[in-house]
Amino acid sequence: MAMAWGQGELFPTANEQEIQRTKFLLGKYTSMISLMRDFEENEQDLKQVAIDGEVARRIDQEDLHADKTANAAILIEKQRWVYQQYKLYTQQLRRAGR
């Protein structure tokens, strides 16, 4: 039994917004792969750099006396979230290319 999508299409067609989003992601594909590989290979180093570096000190530009350790934890969680998003996007792009 065939599944119907949208207006009776067996395979849905992409609208202009979906096409533009896909082109954007394809343009970023190599940089996403590079960032993912760097995160996978160097996650512990990235955590330490976040704790030791000035980036963690100034996550909130309003707070001049920020807690670097807490901000470093927030920073690494943001990096992990970006990694997970990129992983999802690249998996979808590879799947679509099959």
# chains A, B, ... in the order shown; residues from 1 in each chain; ligands from 1
$ residues_around --residues "Glu77 of chain A" --least-positions-apart "4" --cutoff "12 Å" --atoms "only C-alpha atoms" --output "list in words"
Phe39, Glu43, Leu46, Lys47, Ala50, Ala70, Asn71, Ala72, Ala73, Trp81, Val82, Tyr83 and Gln84 of chain A
$ residues_around --residues "Leu93 of chain A" --least-positions-apart "2" --cutoff "12 Å" --atoms "only C-alpha atoms" --output "VMD selection string"
chain A and resid 21 to 30 32 to 33 86 to 91 95 to 98
$ write_last_selection --atoms "C-alpha atoms" --output "PDB file, in the first residue's frame"
ATOM      1  CA  ARG A  21      17.945  25.504   3.386  1.00  0.00           C
ATOM      2  CA  THR A  22      19.442  22.408   1.769  1.00  0.00           C
ATOM      3  CA  LYS A  23      21.761  24.515  -0.412  1.00  0.00           C
ATOM      4  CA  PHE A  24      22.876  26.413   2.696  1.00  0.00           C
ATOM      5  CA  LEU A  25      23.610  23.188   4.602  1.00  0.00           C
ATOM      6  CA  LEU A  26      25.453  21.689   1.629  1.00  0.00           C
ATOM      7  CA  GLY A  27      27.609  24.812   1.481  1.00  0.00           C
ATOM      8  CA  LYS A  28      28.502  24.363   5.166  1.00  0.00           C
ATOM      9  CA  TYR A  29      28.924  20.574   4.963  1.00  0.00           C
ATOM     10  CA  THR A  30      32.732  20.446   4.934  1.00  0.00           C
ATOM     11  CA  MET A  32      30.456  21.042   9.813  1.00  0.00           C
ATOM     12  CA  ILE A  33      32.373  17.784   9.282  1.00  0.00           C
ATOM     13  CA  TYR A  86      25.718  19.356  12.949  1.00  0.00           C
ATOM     14  CA  LYS A  87      25.696  15.593  13.353  1.00  0.00           C
ATOM     15  CA  LEU A  88      21.957  15.533  12.684  1.00  0.00           C
ATOM     16  CA  TYR A  89      22.267  17.813   9.635  1.00  0.00           C
ATOM     17  CA  THR A  90      25.149  15.873   8.094  1.00  0.00           C
ATOM     18  CA  GLN A  91      23.398  12.531   8.656  1.00  0.00           C
ATOM     19  CA  ARG A  95      20.830   9.993   3.827  1.00  0.00           C
ATOM     20  CA  ALA A  96      19.274  12.242   1.192  1.00  0.00           C
ATOM     21  CA  GLY A  97      22.245  11.608  -1.111  1.00  0.00           C
ATOM     22  CA  ARG A  98      21.702   7.855  -1.198  1.00  0.00           C
TER      23      ARG A  98
END
$ atom_distance --atom1 "atom CA of Asp45 of chain A" --atom2 "atom CA of Gln85 of chain A"
20.7 Å
$ closest_residue --among "A:Gln79, A:Asn15, A:Thr69, A:Gln20" --to "Met36 of chain A" --atoms "only C-alpha atoms"
A:Gln79
